[in-house]
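Asks: Data: run.txt, compact mmCIF, C-alpha atoms.
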# COMPACT_ATOMS: atom_id res chain seq x y z
CA MET S 1352 6.18 -7.13 17.55
CA THR S 1353 7.65 -9.06 14.64
CA LEU S 1354 4.60 -11.31 14.61
CA PHE S 1355 2.32 -8.26 14.51
CA CYS S 1356 4.13 -6.86 11.46
CA LEU S 1357 4.05 -10.27 9.82
CA LEU S 1358 0.37 -11.00 10.35
CA TRP S 1359 -1.34 -7.62 10.49
CA PRO S 1360 -1.92 -7.09 6.72
CA SER S 1361 -3.34 -10.61 6.35
CA LEU S 1362 -5.65 -10.28 9.34
CA PHE S 1363 -6.83 -6.83 8.36
CA TYR S 1364 -7.45 -8.05 4.81
CA LEU S 1365 -9.75 -10.75 6.18
CA PHE S 1366 -11.50 -8.17 8.35
CA TRP S 1367 -11.89 -5.83 5.38
CA ARG S 1368 -13.43 -8.56 3.26
CA SER S 1369 -15.90 -9.32 6.05
CA VAL S 1370 -17.26 -5.75 6.16
CA ASN S 1371 -16.92 -4.81 2.51
CA GLU S 1372 -19.76 -5.69 0.19
CA HIS S 1373 -17.47 -5.63 -2.86
CA THR S 1374 -15.26 -8.73 -2.66
CA GLU S 1375 -12.66 -8.84 -5.41
CA ARG S 1376 -12.72 -12.11 -7.36
CA THR S 1377 -9.98 -11.33 -9.90
CA GLY S 1378 -6.43 -10.03 -9.75
CA GLY S 1379 -5.52 -11.53 -6.39
CA THR S 1380 -2.85 -13.81 -7.83
CA TRP S 1381 -0.96 -11.08 -9.63
CA ALA S 1382 -1.22 -8.82 -6.58
CA LEU S 1383 0.51 -11.47 -4.46
CA VAL S 1384 3.09 -12.20 -7.16
CA LEU S 1385 3.97 -8.58 -7.85
CA GLY S 1386 4.02 -7.79 -4.15
CA SER S 1387 6.43 -10.69 -3.61
CA ILE S 1388 8.69 -9.53 -6.46
CA VAL S 1389 8.83 -5.97 -5.13
CA ALA S 1390 9.42 -7.19 -1.56
CA LEU S 1391 12.25 -9.51 -2.62
CA PHE S 1392 13.80 -6.77 -4.75
CA GLN S 1393 13.90 -4.35 -1.83
CA PHE S 1394 14.94 -7.04 0.66
CA PHE S 1395 18.07 -7.93 -1.30
CA LEU S 1396 18.77 -4.44 -2.62
CA GLY S 1397 18.30 -2.73 0.74
CA SER S 1398 17.14 0.83 1.28
CA LEU S 1399 16.90 2.98 -1.82
CA ILE S 1400 17.50 6.11 0.26
CA ASN S 1401 20.31 6.34 2.78
CA PRO S 1402 18.85 8.42 5.61
CA GLY S 1403 21.13 10.74 7.49
CA GLY S 1404 20.04 11.85 10.94
CA PHE S 1405 16.58 13.35 11.38
CA GLY S 1406 16.37 15.74 8.43
CA VAL S 1407 14.96 15.73 4.93
CA SER S 1408 16.75 12.53 3.91
CA ARG S 1409 15.05 10.69 6.80
CA TRP S 1410 11.65 11.96 5.62
CA VAL S 1411 12.41 10.96 2.02
CA SER S 1412 13.44 7.51 3.28
CA ALA S 1413 10.12 7.26 5.12
CA CYS S 1414 8.32 8.11 1.87
CA VAL S 1415 10.27 5.77 -0.40
CA ASP S 1416 11.44 2.83 1.69
CA ILE S 1417 9.23 2.55 4.75
CA VAL S 1418 5.73 4.04 4.70
CA ALA S 1419 4.38 5.87 1.66
CA LEU S 1420 5.59 4.02 -1.45
CA PRO S 1421 5.15 0.44 -0.15
CA ALA S 1422 1.45 1.13 0.53
CA ALA S 1423 0.77 3.45 -2.41
CA LEU S 1424 2.54 1.45 -5.14
CA PRO S 1425 -0.24 -1.17 -5.45
CA PHE S 1426 -2.73 1.60 -6.24
CA LEU S 1427 -0.44 3.06 -8.91
CA VAL S 1428 -0.09 -0.39 -10.48
CA CYS S 1429 -3.85 -0.99 -10.26
CA ALA S 1430 -4.52 2.36 -11.92
CA ALA S 1431 -2.09 1.52 -14.73
CA PHE S 1432 -3.59 -1.95 -15.17
CA SER S 1433 -7.09 -0.51 -15.32
CA VAL S 1434 -6.04 1.97 -18.01
CA PHE S 1435 -4.73 -0.90 -20.15
CA ARG S 1436 -7.80 -2.99 -19.24
CA ILE S 1437 -5.75 -5.71 -17.58
CA ILE S 1438 -8.20 -5.40 -14.71
CA SER S 1439 -11.62 -3.79 -14.57
CA ARG S 1440 -11.82 -0.14 -13.56
CA ASP S 1441 -14.44 -1.23 -11.02
CA SER S 1442 -12.02 -3.63 -9.33
CA ASN S 1443 -11.59 -3.25 -5.59
CA PHE S 1444 -8.12 -1.74 -5.48
CA THR S 1445 -8.12 -1.89 -1.68
CA ASN S 1446 -8.43 -5.67 -1.59
CA LEU S 1447 -5.62 -6.02 -4.13
CA ALA S 1448 -3.42 -3.60 -2.19
CA PHE S 1449 -3.81 -5.64 1.01
CA LEU S 1450 -2.89 -8.82 -0.87
CA TRP S 1451 0.15 -7.02 -2.31
CA LEU S 1452 1.24 -6.00 1.21
CA ILE S 1453 1.17 -9.54 2.66
CA PRO S 1454 4.58 -10.59 1.24
CA VAL S 1455 5.91 -7.06 1.72
CA ALA S 1456 5.07 -7.19 5.43
CA ALA S 1457 6.59 -10.66 5.77
CA LEU S 1458 9.97 -9.62 4.42
CA LYS S 1459 9.91 -6.26 6.19
CA ALA S 1460 9.25 -8.08 9.46
CA LEU S 1461 12.25 -10.31 8.75
CA SER S 1462 14.57 -7.40 7.99
CA TRP S 1463 13.31 -5.20 10.85
CA SER S 1464 13.14 -7.90 13.54
CA ALA S 1465 16.74 -7.40 14.66
CA ARG S 1466 16.05 -3.76 15.53
CA SER S 1467 13.09 -4.53 17.83
CA ASP S 1468 11.80 -1.05 17.04
CA PRO S 1469 8.09 -0.70 17.93
CA LEU S 1470 7.69 2.23 15.53
CA LEU S 1471 8.74 0.02 12.62
CA LEU S 1472 7.13 -3.24 13.70
CA LEU S 1473 3.89 -1.81 15.13
CA GLY S 1474 3.48 1.73 13.84
CA VAL S 1475 4.37 1.19 10.19
CA PRO S 1476 1.88 -1.67 9.53
CA VAL S 1477 -0.88 0.50 11.02
CA LEU S 1478 0.19 3.40 8.81
CA TRP S 1479 0.11 1.09 5.77
CA THR S 1480 -3.43 0.17 6.75
CA ALA S 1481 -4.32 3.85 7.14
CA ILE S 1482 -3.07 4.53 3.61
CA VAL S 1483 -4.68 1.51 1.94
CA THR S 1484 -8.06 1.81 3.67
CA GLY S 1485 -7.99 5.60 3.46
CA MET S 1486 -7.43 5.40 -0.28
CA ASP S 1487 -10.68 3.44 -0.49
CA PHE S 1488 -12.44 6.50 0.94
CA PHE S 1489 -11.04 8.78 -1.75
CA ILE S 1490 -11.60 6.25 -4.56
CA ARG S 1491 -15.27 6.00 -3.60
CA ILE S 1492 -15.60 9.78 -3.97
CA ILE S 1493 -13.72 9.83 -7.27
CA ARG S 1494 -15.93 7.09 -8.74
CA SER S 1495 -19.20 8.64 -7.58
CA SER S 1496 -18.52 12.37 -7.97
CA TRP S 1497 -17.23 14.83 -10.51
CA GLY S 1498 -15.89 18.37 -10.66
CA ILE S 1499 -14.46 19.93 -7.53
CA PHE S 1500 -15.28 16.93 -5.32
CA ALA S 1501 -13.36 14.55 -7.56
CA ILE S 1502 -10.42 16.97 -7.72
CA LEU S 1503 -10.35 17.30 -3.93
CA ALA S 1504 -10.53 13.51 -3.57
CA ILE S 1505 -7.60 13.07 -5.97
CA ALA S 1506 -5.60 15.64 -4.00
CA GLY S 1507 -6.50 13.95 -0.72
CA GLY S 1508 -5.54 10.52 -2.01
CA ALA S 1509 -2.21 11.86 -3.28
CA ALA S 1510 -1.47 13.60 0.03
CA LEU S 1511 -2.40 10.72 2.34
CA PRO S 1512 0.78 8.61 1.86
CA PHE S 1513 2.94 11.68 2.52
CA LEU S 1514 0.91 12.52 5.63
CA ALA S 1515 1.50 9.00 6.95
CA ALA S 1516 5.21 9.20 6.14
CA THR S 1517 5.43 12.55 7.92
CA ALA S 1518 3.75 11.03 11.00
CA TYR S 1519 6.41 8.31 11.04
CA TRP S 1520 9.19 10.87 10.59
CA ALA S 1521 7.87 13.06 13.42
CA LEU S 1522 7.64 10.10 15.81
CA PHE S 1523 11.09 8.88 14.79
CA SER S 1524 12.47 12.37 15.34
CA GLN S 1525 10.84 12.41 18.80
CA TYR S 1526 8.35 15.16 17.97
CA ALA S 1527 5.81 13.18 19.95
CA VAL S 1528 2.88 15.60 19.96
CA ALA S 1529 3.14 16.41 16.25
CA GLY S 1530 3.70 12.74 15.45
CA PHE S 1531 0.61 11.52 17.28
CA VAL S 1532 -1.53 14.32 15.80
CA LEU S 1533 -0.38 13.44 12.28
CA PHE S 1534 -0.82 9.73 13.01
CA ALA S 1535 -4.40 10.35 14.12
CA ALA S 1536 -5.06 12.55 11.07
CA ALA S 1537 -3.79 9.79 8.75
CA LEU S 1538 -6.30 7.40 10.33
CA VAL S 1539 -9.33 9.64 9.71
CA PRO S 1540 -10.06 8.64 6.07
CA ALA S 1541 -9.55 4.97 6.94
CA SER S 1542 -11.95 5.24 9.87
CA VAL S 1543 -14.61 6.87 7.69
CA SER S 1544 -14.10 4.20 5.02
CA MET S 1545 -14.47 1.34 7.52
CA ILE S 1546 -17.60 2.86 9.07
CA THR S 1547 -19.11 3.42 5.62
CA ALA S 1548 -18.32 -0.14 4.50
CA PHE S 1549 -19.78 -1.56 7.72
CA LEU S 1550 -22.99 0.45 7.43
CA GLU S 1551 -23.38 -0.49 3.76
CA GLY S 1552 -22.90 -4.12 4.70
CA LYS S 1553 -25.58 -3.89 7.38
CA THR S 1554 -28.10 -2.54 4.88
CA LYS S 1555 -27.52 -5.34 2.35
Would you write the structure of this file as structure tokens?

Replies:
Amino acid sequence: MTLFCLLWPSLFYLFWRSVNEHTERTGGTWALVLGSIVALFQFFLGSLINPGGFGVSRWVSACVDIVALPAALPFLVCAAFSVFRIISRDSNFTNLAFLWLIPVAALKALSWSARSDPLLLLGVPVLWTAIVTGMDFFIRIIRSSWGIFAILAIAGGAALPFLAATAYWALFSQYAVAGFVLFAAALVPASVSMITAFLEGKTK
């Protein structure tokens, strides 16, 4: 399980590059560097939220320390960098986010390995993937649409990390049915994005 958490972001990044026609050629170095800095900061600092039991604090911990923020932060940084023209607005944020997550996953695997918790070591990396690849789905809509469709895509992209965190919280709290339903729902945008990227690649 530890090996899965360690290697999954790297392997999925290679898979994503193989099916995605837009291969990012810039920004990869800073994505790895910033991801490493953030991962080391959290590794030595520990959890930012001290969860208590199965209530709201546990959900907030899932959002901040475990699921939502680790996967969503690269997109926030990419958006800020594109505003200040550090990177192009047409950059593939998804590729950069996967590169960012490689050192994050490595240190998370190290810190979580003693628990041998399959939800952390197996479920969380898949939820990260659901967020990162799902965000690609919403970014495509935002870049190609306007008006109500763009607004809905922005709302969907903002909600996706919290949906994934809620799926983790429900499974952790042993609400199995709700957890698996939310888990499956979090995977829907990612599945659509992968199918779209594959079909676009086949037509090139």

Asks: Could you check which of S:Asp1416, S:Ala1541, S:Trp1381, S:Ala1509 is closest to Ile1437 of chain S, using only C-alpha atoms?

Replies: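 Using only C-alpha atoms, the shortest distance to Ile1437 of chain S belongs to S:Trp1381.
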
Asks: Find the residues around Tyr1519 of chain S up to 8 Å (all atoms listed in the file counted), leave out those fewer than 4 positions away in its own chain, and share them as a PDB file with C-alpha atoms, keeping the file's coordinate frame.

Replies:
ATOM      1  CA  ALA S1413      10.120   7.260   5.120  1.00  0.00           C
ATOM      2  CA  VAL S1418       5.730   4.040   4.700  1.00  0.00           C
ATOM      3  CA  LEU S1470       7.690   2.230  15.530  1.00  0.00           C
ATOM      4  CA  GLY S1474       3.480   1.730  13.840  1.00  0.00           C
ATOM      5  CA  VAL S1475       4.370   1.190  10.190  1.00  0.00           C
ATOM      6  CA  ALA S1515       1.500   9.000   6.950  1.00  0.00           C
ATOM      7  CA  PHE S1523      11.090   8.880  14.790  1.00  0.00           C
ATOM      8  CA  GLY S1530       3.700  12.740  15.450  1.00  0.00           C
ATOM      9  CA  PHE S1534      -0.820   9.730  13.010  1.00  0.00           C
TER      10      PHE S1534
END

Asks: So, counting all atoms listed in the file, which residue among S:Ser1544, S:Leu1533, S:Leu1424, S:Ala1430 is closest to Phe1489 of chain S?

Replies: S:Ser1544

Asks: Which one of S:Cys1356, S:Ala1527, S:Leu1383, S:Ile1502 sits closest to Leu1458 of chain S if you count only C-alpha atoms?

Replies: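 Looking only at the distances to Leu1458 of chain S, the closest residue turns out to be S:Cys1356.
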
Asks: Would you compute an axis-aligned box for segment 1444-1463 of chain S, covering every atom listed for it in the file with 5 Å of margin on each side, and report centre and edge lengths in Å to one decimal as AutoDock Vina command-line options?

Replies:
--center_x 3.1 --center_y -6.2 --center_z 2.7 --size_x 33.0 --size_y 18.9 --size_z 26.3

Asks: What is the atom CA of Phe1435 of chain S-atom CA of Ile1482 of chain S distance in Å, reported with one decimal?

Replies: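 Taking atom CA of Phe1435 of chain S as the start and atom CA of Ile1482 of chain S as the end point, the length is 24.4 Å.
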
Asks: Can you pull out every residue within 12 Å of Gln1393 of chain S, counting all atoms listed in the file, but drop anything in the same chain fewer than 6 positions away, and send it as a list in words?

Replies: Gly1386, Ser1387, Leu1399, Ile1400, Val1415, Asp1416, Ile1417, Leu1420, Pro1421, Pro1454, Val1455, Ala1456, Leu1458, Lys1459 and Ser1462 of chain S

Asks: Those same residues - C-alpha atoms - I'd like them written as a PDB file, in the frame of the given file.

Replies:
ATOM      1  CA  GLY S1386       4.020  -7.790  -4.150  1.00  0.00           C
ATOM      2  CA  SER S1387       6.430 -10.690  -3.610  1.00  0.00           C
ATOM      3  CA  LEU S1399      16.900   2.980  -1.820  1.00  0.00           C
ATOM      4  CA  ILE S1400      17.500   6.110   0.260  1.00  0.00           C
ATOM      5  CA  VAL S1415      10.270   5.770  -0.400  1.00  0.00           C
ATOM      6  CA  ASP S1416      11.440   2.830   1.690  1.00  0.00           C
ATOM      7  CA  ILE S1417       9.230   2.550   4.750  1.00  0.00           C
ATOM      8  CA  LEU S1420       5.590   4.020  -1.450  1.00  0.00           C
ATOM      9  CA  PRO S1421       5.150   0.440  -0.150  1.00  0.00           C
ATOM     10  CA  PRO S1454       4.580 -10.590   1.240  1.00  0.00           C
ATOM     11  CA  VAL S1455       5.910  -7.060   1.720  1.00  0.00           C
ATOM     12  CA  ALA S1456       5.070  -7.190   5.430  1.00  0.00           C
ATOM     13  CA  LEU S1458       9.970  -9.620   4.420  1.00  0.00           C
ATOM     14  CA  LYS S1459       9.910  -6.260   6.190  1.00  0.00           C
ATOM     15  CA  SER S1462      14.570  -7.400   7.990  1.00  0.00           C
TER      16      SER S1462
END

Asks: Identify the residues around (-11.9, 1.3, 6.7) within a radius of 10 Å, measuring from all atoms listed in the file in the coordinates stated by the file, and give them as a ChimeraX atom specification.

Replies: /S:1363,1366-1367,1370-1371,1445,1480-1488,1538-1549

Asks: Would you mind exporting C-alpha atoms of the selected residues as a compact mmCIF listing (two decimals), keeping the file's coordinate frame?

Replies:
# COMPACT_ATOMS: atom_id res chain seq x y z
CA PHE S 1363 -6.83 -6.83 8.36
CA PHE S 1366 -11.50 -8.17 8.35
CA TRP S 1367 -11.89 -5.83 5.38
CA VAL S 1370 -17.26 -5.75 6.16
CA ASN S 1371 -16.92 -4.81 2.51
CA THR S 1445 -8.12 -1.89 -1.68
CA THR S 1480 -3.43 0.17 6.75
CA ALA S 1481 -4.32 3.85 7.14
CA ILE S 1482 -3.07 4.53 3.61
CA VAL S 1483 -4.68 1.51 1.94
CA THR S 1484 -8.06 1.81 3.67
CA GLY S 1485 -7.99 5.60 3.46
CA MET S 1486 -7.43 5.40 -0.28
CA ASP S 1487 -10.68 3.44 -0.49
CA PHE S 1488 -12.44 6.50 0.94
CA LEU S 1538 -6.30 7.40 10.33
CA VAL S 1539 -9.33 9.64 9.71
CA PRO S 1540 -10.06 8.64 6.07
CA ALA S 1541 -9.55 4.97 6.94
CA SER S 1542 -11.95 5.24 9.87
CA VAL S 1543 -14.61 6.87 7.69
CA SER S 1544 -14.10 4.20 5.02
CA MET S 1545 -14.47 1.34 7.52
CA ILE S 1546 -17.60 2.86 9.07
CA THR S 1547 -19.11 3.42 5.62
CA ALA S 1548 -18.32 -0.14 4.50
CA PHE S 1549 -19.78 -1.56 7.72

Asks: How many Å separate atom CA of Ala1390 of chain S from atom CA of Asn1443 of chain S?

Replies: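 These two atoms are separated by 21.8 Å.
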
Asks: Could you check how far atom CA of Ser1408 of chain S sits from atom CA of Ala1521 of chain S, in Å to one decimal?

Replies: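 About the pair atom CA of Ser1408 of chain S and atom CA of Ala1521 of chain S: they are 13.0 Å apart.
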
Asks: For Leu1522 of chain S, which residue out of S:Leu1503, S:Leu1471, S:Ile1490, S:Leu1461 is the nearest one, using only C-alpha atoms?

Replies: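 Residue with the minimum atom-to-atom distance to Leu1522 of chain S: S:Leu1471.
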
Asks: Find the residues near Ala1460 of chain S: any atom within 7 Å, counting only C-alpha atoms, skip ones fewer than 6 places away on the same chain, and give them as a PyMOL selection string.

Replies: chain S and resi 1353+1356-1357+1472

Asks: Which residue gives the smallest distance to Ala1516 of chain S among S:Val1528, S:Ala1465, S:Val1407, S:Ala1501, with only C-alpha atoms counted?

Replies: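 Of S:Val1528, S:Ala1465, S:Val1407, S:Ala1501, the one nearest Ala1516 of chain S, counting only C-alpha atoms, is S:Val1407.
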